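K.L.:
My questions all concern the structure below.
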Number of protein chains: 2
Amino acid sequence: MRPLTRLLRVGGVELGAGRPVRVQTMGNLPLTEVGANIAQIERCAALGCEIFRLALPDDFLLPFFGEIIAHSPLPVIADIHFHPSLLRKALEAGAAGARINPGNVGSSTDWSETVRLFEDLGAVMRIGVNGGSLNKEALKLHGHTAEALVASAQEWSNRLYDLGFYRFKVSLKSSDVRTTVQAYRLFSKVSDIPLHIGLTEAGPLPEGLIKSSAALGTLLLEGIGDTLRISLTAPPEEEVKAAWELLSSLNLRRRWPEVISCPLCARSSYPFTELLPKLLPRIKSLSLPIKVAFMGCEVNGPGEAREAEIGLAFSKGKAFLFRKGEIVERGDPEPMVERLLQVLEEMARDPS
Amino acid sequence: MRPLTRLLRVGGVELGAGRPVRVQTMGNLPLTEVGANIAQIERCAALGCEIFRLALPDDFLLPFFGEIIAHSPLPVIADIHFHPSLLRKALEAGAAGARINPGNVGSSTDWSETVRLFEDLGAVMRIGVNGGSLNKEALKLHGHTAEALVASAQEWSNRLYDLGFYRFKVSLKSSDVRTTVQAYRLFSKVSDIPLHIGLTEAGPLPEGLIKSSAALGTLLLEGIGDTLRISLTAPPEEEVKAAWELLSSLNLRRRWPEVISCPLCARSSYPFTELLPKLLPRIKSLSLPIKVAFMGCEVNGPGEAREAEIGLAFSKGKAFLFRKGEIVERGDPEPMVERLLQVLEEMARDPS
């Protein structure tokens, strides 16, 4: 059962309290390139990103930051390190919220006024604990463990509670899959604060994808996570696509057709190693949240194709088009592939 | 805690009973291309594959199958559907074992003689239940559910037990992540039969990788799985690499350096989007089971780099080489990257 978390509004986007798991990413361009940043956010929005984060490392970038936000189709979160004074300025520039890192934000600042501004503007904060930048006390007590991440998040949650502030979420990221999973599990047991899940420094493709999917897949299957970012050493567009694929594979959310296809083996009677990459862009461009199966032989073909809403099974030189468990058409492979695409395109135009 | 499973020997490879999780893949070439099959097995073995599967769809392929096995550096498993009579012939041709699919193997065959041959030769069987080819009784009773997969595996396990045969493992694959995870969890609770884990029809990259990592990552974190195959609509070499990356990310087994690198953001002071892809082949070619960190800025850089055995953090135009938590060298980025590679190569030559 999905743990209950509080409702949080990030700009116009609701998360927590049973809302769909929201997809985030983070820009990777210098803020001074305003047009390129806006174009990147627009591309990510078109792919299904719902919240966009930008690093705000310095005061002098505030005008660029504000200009990007003014044109952004998505709520923008400011990522702030070392300079708590930037929190207020980020909101004044139009940010829907800000992320702080307890490990480098310093603990002496009086935040009562800042927090009041967040409250007045309906802005949200994220306490973004990170295994790579834990504060010294947490490290001394707990070492590089899940408990250290949780202790740091709890300390800062209490600090915000003391200020009467509840409009925040928490993340507990490490670059280690086990530590990350354990930290979120522990925190989820003791709190109903909405959780932003992710693995930090996951690395380049495909490793980053493998690690993030293992960690976040495990958590999402337990119902943990109200919003996610799959951090990759790759453009943010790839992060958004990966996040949707993960949500889709867990039957949590689906945006475009999910393609099921069998691994090729000597049984395969149709060479679709070459076929699939050519078809995928056309299939994935459709706003059609269903499963589509491509099966290369008669062993698993018809069965799996039947589990999908629609599919093709290739057997003995012929192709069989299945819809909802029934063979509806059969013919030579090439025309049947084209026929499947036609049907998909019709379904996308008229989903009823 | 890892559930206890029985020990099984597949050719020279031990699995179950706390042995390392073994990496498998499956050939995708026509068996008639003997030389190409042998070369593919050799490439997979060099990448860390430990058990190799080949589909054996027909009698007439037996001589090719036997010839491939005679030159294979890995134990070969025959994948058999529809024709139980091929089981015996596959072993006579040199297979270390065979996989059957309860959904299509027929239930009337008297297997006592076949099973005796398996026993005499020390060969293993896999009961490979597959969501796409469940038998009618299981489907009628349970529908397309985890329970149907488990019921089918239990029925066939009992059948082998009745014949006095224990030398087998089980897989319960579906193309659905939740169903697959649930099936293995259920089966693992009622039996100590070694488990081959995998997701079937996972699809092309990157989707297949995302789904498989979510499903198998969840299971492996619970200690479920004695051997795995990551099924991709991609060459078997990719499956082997992905399996090792997954095991590595869960700290279960490590074969080559695991690269931790941060996602790029506006904070980054060194453009290693272009750098990393160039370095990866050189790093991944080293037999050095450690974590290597590349960090782009001072926020998480030094901290994460310290968690890795060795790493580089880039900050303000300089690069810092860390080993075991200490900065050991600093300098300009380019020479320091080269220096890191030198050190790694030295470590690989002399791991002490």
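In the structure tokens, chains take the letters A, B, ... in the order shown, each chain's residues start at 1, and ligands count up from 1 in the order shown.
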Can you tell me which residues surround segment 204-214 of chain B at a distance of at most 7 Å, considering only C-alpha atoms, apart from same-chain residues fewer than 3 positions away, and format the answer as a PyMOL selection string?
P.N.:
(chain A and resi 209-210+213-214+217-218+245-246+249) or (chain B and resi 177+199+217-218+230+232-234+246)
K.L.:
How would the residues just picked look written out with C-alpha atoms as a compact mmCIF listing (two decimals), in the first residue's frame?
P.N.:
# COMPACT_ATOMS: atom_id res chain seq x y z
CA LEU A 209 19.87 3.95 -15.99
CA ILE A 210 20.48 0.52 -14.49
CA SER A 213 15.93 1.92 -12.17
CA ALA A 214 16.99 -0.62 -9.55
CA GLY A 217 11.93 0.80 -9.09
CA THR A 218 12.28 -0.87 -5.71
CA GLU A 245 9.54 4.57 -19.00
CA LEU A 246 10.09 3.55 -15.39
CA SER A 249 6.86 -0.29 -16.60
CA VAL B 177 7.49 -5.97 -13.59
CA LEU B 199 11.90 -10.36 -17.08
CA GLY B 217 17.06 -4.96 -8.78
CA THR B 218 14.09 -5.30 -6.44
CA ILE B 230 18.71 -9.47 -18.56
CA LEU B 232 17.03 -7.31 -24.20
CA THR B 233 16.10 -6.92 -27.83
CA ALA B 234 19.84 -6.35 -28.34
CA LEU B 246 23.31 -4.32 -12.11
K.L.:
Do you know which residues are at most 10 Å from Ala45 of chain A counting only C-alpha atoms, after dropping those on the same chain fewer than 5 positions away, and could you put them as a list in words?
P.N.:
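Residues meeting the cut-off are Val23, Gln24, Thr25, Ala39, Gln40, Glu50, Ile51, Phe52, Ser72, Pro73, Leu74, Glu237 and Val240 of chain A.
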K.L.:
Just the selected residues (C-alpha atoms), exported as a PDB file, in the first residue's frame, please.
P.N.:
ATOM      1  CA  VAL A  23       8.426  13.781 -13.234  1.00  0.00           C
ATOM      2  CA  GLN A  24      11.287  16.212 -12.691  1.00  0.00           C
ATOM      3  CA  THR A  25      14.579  17.008 -14.309  1.00  0.00           C
ATOM      4  CA  ALA A  39      13.993  25.918 -25.288  1.00  0.00           C
ATOM      5  CA  GLN A  40      15.320  23.083 -23.118  1.00  0.00           C
ATOM      6  CA  GLU A  50       6.279  18.548 -14.768  1.00  0.00           C
ATOM      7  CA  ILE A  51       8.773  20.357 -12.516  1.00  0.00           C
ATOM      8  CA  PHE A  52      12.095  21.807 -13.685  1.00  0.00           C
ATOM      9  CA  SER A  72       8.993  28.703 -18.600  1.00  0.00           C
ATOM     10  CA  PRO A  73       5.944  26.499 -19.201  1.00  0.00           C
ATOM     11  CA  LEU A  74       6.871  24.574 -16.025  1.00  0.00           C
ATOM     12  CA  GLU A 237      15.453  15.146 -22.059  1.00  0.00           C
ATOM     13  CA  VAL A 240      12.476  12.713 -18.550  1.00  0.00           C
TER      14      VAL A 240
END
K.L.:
Would you please work out which residue, of A:Ala70, A:Ala151, A:Ile327, A:Ala202, is nearest to chain B when using only C-alpha atoms?
P.N.:
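The shortest atom-to-atom distance to chain B comes from A:Ala202.
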K.L.:
The coordinates of chain B, once least-squares superposed on chain A over all sequentially paired C-alpha atoms, should be supplied as a CSV table (one decimal) with C-alpha atoms, in the first residue's frame.
P.N.:
chain,number,residue,atom,x,y,z
B,1,MET,CA,0.0,0.0,0.1
B,2,ARG,CA,1.3,3.5,-0.8
B,3,PRO,CA,2.2,5.4,2.3
B,4,LEU,CA,0.2,8.5,2.9
B,5,THR,CA,2.0,11.8,2.4
B,6,ARG,CA,0.9,15.4,2.7
B,7,LEU,CA,-0.3,17.4,-0.3
B,8,LEU,CA,2.1,19.9,-1.7
B,9,ARG,CA,1.6,22.3,-4.6
B,10,VAL,CA,4.6,23.2,-6.7
B,11,GLY,CA,3.4,26.0,-8.9
B,12,GLY,CA,0.3,24.5,-10.5
B,13,VAL,CA,1.5,20.9,-9.9
B,14,GLU,CA,0.1,18.9,-7.0
B,15,LEU,CA,2.1,16.1,-5.5
B,16,GLY,CA,1.8,13.8,-2.5
B,17,ALA,CA,-1.6,12.7,-1.0
B,18,GLY,CA,-2.0,10.0,-3.7
B,19,ARG,CA,-1.4,12.3,-6.6
B,20,PRO,CA,0.4,10.8,-9.7
B,21,VAL,CA,4.2,10.5,-9.2
B,22,ARG,CA,5.5,13.7,-10.8
B,23,VAL,CA,8.4,13.8,-13.2
B,24,GLN,CA,11.3,16.2,-12.7
B,25,THR,CA,14.6,17.0,-14.3
B,26,MET,CA,17.3,19.6,-14.0
B,27,GLY,CA,18.7,22.0,-16.6
B,28,ASN,CA,22.4,21.6,-17.6
B,29,LEU,CA,23.0,24.9,-19.5
B,30,PRO,CA,24.6,28.1,-18.2
B,31,LEU,CA,21.9,30.4,-17.0
B,32,THR,CA,23.3,33.2,-19.1
B,33,GLU,CA,22.0,31.3,-22.2
B,34,VAL,CA,18.4,32.4,-21.5
B,35,GLY,CA,17.0,31.3,-24.9
B,36,ALA,CA,18.6,27.9,-24.8
B,37,ASN,CA,17.4,27.3,-21.3
B,38,ILE,CA,13.8,28.2,-22.2
B,39,ALA,CA,14.0,25.9,-25.3
B,40,GLN,CA,15.3,23.1,-23.1
B,41,ILE,CA,12.5,23.5,-20.6
B,42,GLU,CA,10.0,23.5,-23.5
B,43,ARG,CA,11.4,20.3,-24.9
B,44,CYS,CA,11.3,18.6,-21.5
B,45,ALA,CA,7.7,19.8,-20.9
B,46,ALA,CA,6.7,18.3,-24.3
B,47,LEU,CA,8.2,15.0,-23.1
B,48,GLY,CA,6.2,15.0,-19.9
B,49,CYS,CA,8.4,16.8,-17.4
B,50,GLU,CA,6.3,18.5,-14.8
B,51,ILE,CA,8.8,20.4,-12.5
B,52,PHE,CA,12.1,21.8,-13.7
B,53,ARG,CA,15.1,22.6,-11.5
B,54,LEU,CA,17.9,25.1,-12.2
B,55,ALA,CA,21.0,25.6,-10.2
B,56,LEU,CA,21.3,29.2,-8.9
B,57,PRO,CA,24.9,29.5,-7.7
B,58,ASP,CA,25.3,33.2,-7.6
B,59,ASP,CA,23.5,36.6,-7.1
B,60,PHE,CA,24.6,37.9,-10.5
B,61,LEU,CA,22.7,35.2,-12.3
B,62,LEU,CA,19.3,36.3,-10.8
B,63,PRO,CA,18.2,38.4,-13.8
B,64,PHE,CA,18.9,35.5,-16.2
B,65,PHE,CA,17.1,33.1,-13.8
B,66,GLY,CA,14.1,35.5,-13.6
B,67,GLU,CA,13.9,35.8,-17.4
B,68,ILE,CA,14.0,32.0,-17.9
B,69,ILE,CA,11.2,31.6,-15.3
B,70,ALA,CA,9.1,34.3,-17.0
B,71,HIS,CA,9.0,32.2,-20.1
B,72,SER,CA,9.0,28.7,-18.6
B,73,PRO,CA,6.0,26.5,-19.2
B,74,LEU,CA,6.9,24.6,-16.0
B,75,PRO,CA,7.3,25.6,-12.4
B,76,VAL,CA,11.0,26.2,-11.7
B,77,ILE,CA,12.8,25.2,-8.6
B,78,ALA,CA,16.0,27.0,-7.6
B,79,ASP,CA,18.9,24.7,-6.5
B,80,ILE,CA,20.8,26.6,-3.9
B,81,HIS,CA,24.0,25.7,-2.1
B,82,PHE,CA,26.2,27.6,0.4
B,83,HIS,CA,24.1,30.8,0.2
B,84,PRO,CA,20.9,30.7,2.1
B,85,SER,CA,20.3,34.4,1.3
B,86,LEU,CA,19.6,33.3,-2.3
B,87,LEU,CA,16.5,31.5,-1.2
B,88,ARG,CA,14.5,34.7,-0.8
B,89,LYS,CA,16.0,36.2,-4.0
B,90,ALA,CA,15.1,33.1,-6.0
B,91,LEU,CA,11.4,33.4,-4.9
B,92,GLU,CA,11.4,37.1,-5.7
B,93,ALA,CA,12.7,36.2,-9.2
B,94,GLY,CA,9.7,33.9,-9.6
B,95,ALA,CA,10.8,30.4,-8.5
B,96,ALA,CA,8.0,28.1,-7.4
B,97,GLY,CA,10.4,26.8,-4.8
B,98,ALA,CA,13.9,26.1,-3.8
B,99,ARG,CA,16.1,23.2,-2.9
B,100,ILE,CA,18.5,23.4,0.0
B,101,ASN,CA,21.3,21.0,0.9
B,102,PRO,CA,21.6,20.7,4.7
B,103,GLY,CA,25.2,19.7,4.3
B,104,ASN,CA,26.3,23.1,3.0
B,105,VAL,CA,23.6,25.6,3.9
B,106,GLY,CA,25.0,26.4,7.4
B,107,SER,CA,22.9,26.1,10.5
B,108,SER,CA,23.3,29.6,12.1
B,109,THR,CA,21.1,31.6,9.7
B,110,ASP,CA,17.8,32.9,11.1
B,111,TRP,CA,15.3,31.7,8.5
B,112,SER,CA,12.1,33.0,10.1
B,113,GLU,CA,11.7,35.9,7.6
B,114,THR,CA,12.7,33.7,4.6
B,115,VAL,CA,10.2,31.0,5.6
B,116,ARG,CA,7.5,33.6,6.0
B,117,LEU,CA,8.0,34.7,2.4
B,118,PHE,CA,7.8,31.1,1.2
B,119,GLU,CA,4.5,30.8,3.1
B,120,ASP,CA,3.1,34.1,1.7
B,121,LEU,CA,4.0,33.1,-1.9
B,122,GLY,CA,2.9,29.5,-1.6
B,123,ALA,CA,6.4,28.4,-2.5
B,124,VAL,CA,7.8,25.1,-1.5
B,125,MET,CA,11.2,24.0,-0.1
B,126,ARG,CA,13.0,20.7,-0.6
B,127,ILE,CA,15.4,19.5,2.0
B,128,GLY,CA,17.8,17.7,-0.4
B,129,VAL,CA,20.1,15.6,1.7
B,130,ASN,CA,22.9,14.1,-0.2
B,131,GLY,CA,25.3,11.4,0.7
B,132,GLY,CA,28.2,13.3,-0.9
B,133,SER,CA,27.7,16.4,1.3
B,134,LEU,CA,26.5,15.2,4.7
B,135,ASN,CA,27.3,17.5,7.6
B,136,LYS,CA,30.1,16.6,10.0
B,137,GLU,CA,27.8,15.8,13.0
B,138,ALA,CA,25.7,13.3,11.0
B,139,LEU,CA,28.8,11.7,9.6
B,140,LYS,CA,30.5,11.5,13.0
B,141,LEU,CA,27.4,9.8,14.6
B,142,HIS,CA,26.4,7.5,11.7
B,143,GLY,CA,29.1,7.4,9.1
B,144,HIS,CA,28.2,7.1,5.4
B,145,THR,CA,24.9,5.3,6.1
B,146,ALA,CA,21.2,5.6,5.5
B,147,GLU,CA,20.8,6.6,9.1
B,148,ALA,CA,23.0,9.6,8.5
B,149,LEU,CA,20.9,10.7,5.6
B,150,VAL,CA,17.7,10.3,7.7
B,151,ALA,CA,19.1,12.0,10.7
B,152,SER,CA,20.1,15.0,8.6
B,153,ALA,CA,16.7,15.2,7.0
B,154,GLN,CA,15.0,14.9,10.4
B,155,GLU,CA,17.1,17.7,11.9
B,156,TRP,CA,16.1,20.1,9.1
B,157,SER,CA,12.5,19.0,9.1
B,158,ASN,CA,12.3,19.8,12.8
B,159,ARG,CA,14.0,23.2,12.2
B,160,LEU,CA,11.3,24.1,9.6
B,161,TYR,CA,8.5,22.8,11.9
B,162,ASP,CA,9.9,25.0,14.7
B,163,LEU,CA,9.4,27.9,12.3
B,164,GLY,CA,5.8,26.8,11.7
B,165,PHE,CA,6.6,25.8,8.1
B,166,TYR,CA,5.2,22.6,6.6
B,167,ARG,CA,5.3,23.4,2.9
B,168,PHE,CA,8.3,21.2,2.1
B,169,LYS,CA,9.5,17.8,0.8
B,170,VAL,CA,12.5,15.7,1.4
B,171,SER,CA,15.0,13.8,-0.6
B,172,LEU,CA,17.7,11.4,0.7
B,173,LYS,CA,20.0,10.6,-2.1
B,174,SER,CA,23.2,8.7,-2.2
B,175,SER,CA,25.1,7.2,-5.1
B,176,ASP,CA,24.7,3.8,-3.5
B,177,VAL,CA,21.6,1.9,-4.4
B,178,ARG,CA,21.2,0.0,-1.1
B,179,THR,CA,21.9,3.1,1.0
B,180,THR,CA,19.4,5.2,-0.9
B,181,VAL,CA,16.6,2.5,-0.7
B,182,GLN,CA,17.2,2.0,3.0
B,183,ALA,CA,17.2,5.8,3.7
B,184,TYR,CA,13.8,6.3,2.0
B,185,ARG,CA,12.3,3.3,3.6
B,186,LEU,CA,13.4,4.5,7.1
B,187,PHE,CA,12.2,8.1,6.5
B,188,SER,CA,8.9,6.9,5.0
B,189,LYS,CA,8.2,5.0,8.2
B,190,VAL,CA,8.5,8.0,10.5
B,191,SER,CA,7.0,10.8,8.5
B,192,ASP,CA,4.3,11.8,6.0
B,193,ILE,CA,6.5,14.5,4.3
B,194,PRO,CA,6.3,14.1,0.5
B,195,LEU,CA,9.3,12.4,-0.9
B,196,HIS,CA,11.4,13.4,-3.9
B,197,ILE,CA,13.2,10.2,-4.9
B,198,GLY,CA,16.4,9.8,-6.8
B,199,LEU,CA,19.9,8.4,-6.9
B,200,THR,CA,22.7,10.9,-7.0
B,201,GLU,CA,25.7,10.7,-9.3
B,202,ALA,CA,24.1,7.7,-11.0
B,203,GLY,CA,26.6,8.1,-13.9
B,204,PRO,CA,26.5,7.8,-17.6
B,205,LEU,CA,24.1,5.7,-19.8
B,206,PRO,CA,23.5,2.8,-19.5
B,207,GLU,CA,25.0,2.4,-16.0
B,208,GLY,CA,23.1,5.4,-14.6
B,209,LEU,CA,19.9,4.0,-16.0
B,210,ILE,CA,20.5,0.5,-14.5
B,211,LYS,CA,21.3,1.9,-11.0
B,212,SER,CA,18.5,4.4,-10.9
B,213,SER,CA,15.9,1.9,-12.2
B,214,ALA,CA,17.0,-0.6,-9.5
B,215,ALA,CA,16.8,1.9,-6.7
B,216,LEU,CA,13.7,3.9,-7.7
B,217,GLY,CA,11.9,0.8,-9.1
B,218,THR,CA,12.3,-0.9,-5.7
B,219,LEU,CA,10.9,2.2,-3.9
B,220,LEU,CA,8.1,2.9,-6.3
B,221,LEU,CA,7.0,-0.7,-6.1
B,222,GLU,CA,6.6,-0.1,-2.3
B,223,GLY,CA,4.6,3.1,-3.0
B,224,ILE,CA,7.4,5.3,-1.8
B,225,GLY,CA,8.0,8.5,-3.9
B,226,ASP,CA,5.8,11.4,-4.8
B,227,THR,CA,8.1,12.9,-7.4
B,228,LEU,CA,11.2,11.6,-9.0
B,229,ARG,CA,14.2,12.6,-11.0
B,230,ILE,CA,16.4,10.0,-12.8
B,231,SER,CA,19.8,11.8,-12.6
B,232,LEU,CA,22.0,10.8,-15.6
B,233,THR,CA,25.2,12.2,-17.0
B,234,ALA,CA,23.1,12.9,-20.1
B,235,PRO,CA,20.8,15.7,-21.3
B,236,PRO,CA,17.7,16.3,-19.2
B,237,GLU,CA,15.4,15.1,-22.0
B,238,GLU,CA,16.9,11.6,-21.5
B,239,GLU,CA,16.1,11.9,-17.8
B,240,VAL,CA,12.5,12.7,-18.5
B,241,LYS,CA,12.1,9.9,-21.0
B,242,ALA,CA,13.7,7.4,-18.6
B,243,ALA,CA,11.4,8.5,-15.7
B,244,TRP,CA,8.3,7.9,-17.8
B,245,GLU,CA,9.5,4.6,-19.0
B,246,LEU,CA,10.1,3.6,-15.4
B,247,LEU,CA,6.7,4.7,-14.3
B,248,SER,CA,5.1,3.0,-17.3
B,249,SER,CA,6.9,-0.3,-16.6
B,250,LEU,CA,5.5,-0.3,-13.0
B,251,ASN,CA,2.0,0.5,-14.3
B,252,LEU,CA,2.0,3.7,-12.3
B,253,ARG,CA,1.6,6.2,-15.2
B,254,ARG,CA,1.8,5.7,-18.9
B,255,ARG,CA,2.2,8.4,-21.6
B,256,TRP,CA,3.0,6.7,-24.8
B,257,PRO,CA,2.9,3.2,-26.0
B,258,GLU,CA,5.0,0.8,-24.0
B,259,VAL,CA,6.7,-1.6,-26.4
B,260,ILE,CA,7.1,-5.3,-25.3
B,261,SER,CA,9.3,-7.2,-27.6
B,262,CYS,CA,11.1,-10.6,-27.1
B,263,PRO,CA,14.8,-11.1,-27.1
B,264,LEU,CA,15.9,-12.5,-30.4
B,265,CYS,CA,17.0,-16.1,-30.5
B,266,ALA,CA,17.5,-18.8,-33.1
B,267,ARG,CA,13.7,-19.4,-32.9
B,268,SER,CA,12.9,-16.0,-34.3
B,269,SER,CA,11.3,-16.2,-37.8
B,270,TYR,CA,11.4,-12.5,-38.5
B,271,PRO,CA,14.4,-10.2,-38.3
B,272,PHE,CA,13.0,-7.3,-36.2
B,273,THR,CA,16.3,-6.2,-34.7
B,274,GLU,CA,16.5,-3.9,-37.6
B,275,LEU,CA,12.8,-3.3,-37.8
B,276,LEU,CA,12.1,-2.1,-34.2
B,277,PRO,CA,14.5,0.9,-34.0
B,278,LYS,CA,13.0,2.2,-37.2
B,279,LEU,CA,9.4,1.9,-35.8
B,280,LEU,CA,10.0,3.2,-32.3
B,281,PRO,CA,10.1,6.9,-33.0
B,282,ARG,CA,6.8,6.6,-34.9
B,283,ILE,CA,5.3,4.6,-32.1
B,284,LYS,CA,6.6,6.7,-29.2
B,285,SER,CA,5.4,9.9,-30.8
B,286,LEU,CA,1.8,8.8,-30.2
B,287,SER,CA,-0.1,9.9,-27.1
B,288,LEU,CA,-1.5,6.5,-26.4
B,289,PRO,CA,-1.0,5.0,-23.0
B,290,ILE,CA,-1.2,1.3,-24.0
B,291,LYS,CA,1.1,-1.8,-24.3
B,292,VAL,CA,2.1,-2.8,-27.8
B,293,ALA,CA,3.8,-6.3,-28.3
B,294,PHE,CA,6.2,-7.4,-31.0
B,295,MET,CA,6.9,-11.1,-30.8
B,296,GLY,CA,9.3,-13.0,-33.1
B,297,CYS,CA,8.0,-16.6,-32.9
B,298,GLU,CA,5.2,-18.9,-31.9
B,299,VAL,CA,6.6,-19.8,-28.5
B,300,ASN,CA,5.7,-16.8,-26.4
B,301,GLY,CA,4.4,-14.7,-29.3
B,302,PRO,CA,0.7,-15.1,-29.3
B,303,GLY,CA,0.5,-15.4,-25.5
B,304,GLU,CA,2.4,-12.2,-24.7
B,305,ALA,CA,0.8,-10.3,-27.6
B,306,ARG,CA,-2.5,-11.2,-26.1
B,307,GLU,CA,-1.5,-9.6,-22.8
B,308,ALA,CA,-0.8,-6.4,-24.6
B,309,GLU,CA,-3.7,-4.3,-25.9
B,310,ILE,CA,-2.4,-4.7,-29.4
B,311,GLY,CA,0.4,-6.6,-30.9
B,312,LEU,CA,2.0,-8.4,-33.8
B,313,ALA,CA,3.3,-12.0,-33.6
B,314,PHE,CA,5.4,-13.3,-36.4
B,315,SER,CA,5.2,-17.0,-37.2
B,316,LYS,CA,6.3,-19.1,-40.2
B,317,GLY,CA,6.5,-16.2,-42.6
B,318,LYS,CA,3.2,-14.6,-41.6
B,319,ALA,CA,2.3,-11.8,-39.1
B,320,PHE,CA,-0.7,-11.9,-36.9
B,321,LEU,CA,-2.3,-8.8,-35.6
B,322,PHE,CA,-3.9,-9.2,-32.1
B,323,ARG,CA,-6.3,-6.8,-30.4
B,324,LYS,CA,-7.6,-7.5,-26.9
B,325,GLY,CA,-6.8,-11.2,-27.0
B,326,GLU,CA,-8.1,-11.9,-30.5
B,327,ILE,CA,-6.4,-12.3,-33.9
B,328,VAL,CA,-8.1,-9.7,-36.0
B,329,GLU,CA,-5.9,-9.7,-39.1
B,330,ARG,CA,-3.2,-11.8,-40.7
B,331,GLY,CA,-0.9,-11.3,-43.7
B,332,ASP,CA,2.6,-10.8,-44.9
B,333,PRO,CA,4.9,-9.2,-42.3
B,334,GLU,CA,5.7,-5.9,-44.0
B,335,PRO,CA,2.1,-4.9,-44.8
B,336,MET,CA,1.0,-6.0,-41.3
B,337,VAL,CA,3.7,-3.8,-39.7
B,338,GLU,CA,2.3,-0.9,-41.6
B,339,ARG,CA,-1.3,-1.9,-40.7
B,340,LEU,CA,-0.3,-2.0,-37.0
B,341,LEU,CA,1.0,1.6,-37.2
B,342,GLN,CA,-2.2,2.7,-39.0
B,343,VAL,CA,-4.3,1.2,-36.3
B,344,LEU,CA,-2.2,2.8,-33.5
B,345,GLU,CA,-2.4,6.1,-35.2
B,346,GLU,CA,-6.2,5.7,-35.5
B,347,MET,CA,-6.4,4.8,-31.8
B,348,ALA,CA,-4.3,7.9,-30.9
B,349,ARG,CA,-6.7,10.1,-32.8
B,350,ASP,CA,-9.8,8.5,-31.4
B,351,PRO,CA,-9.0,6.8,-28.1
B,352,SER,CA,-12.6,5.7,-27.4
K.L.:
DSSP on the backbone, then: every residue of segment 1-38 of chain A marked strand (DSSP E), written as a PyMOL selection string.
P.N.:
chain A and resi 8-10+13-15+22-26
K.L.:
Pull the alpha helix (DSSP H) assignments for segment 23-103 of chain B out of DSSP run on the backbone, and list those residues as an MDAnalysis selection string.
P.N.:
chainID B and resid 34:46 62:71 85:92
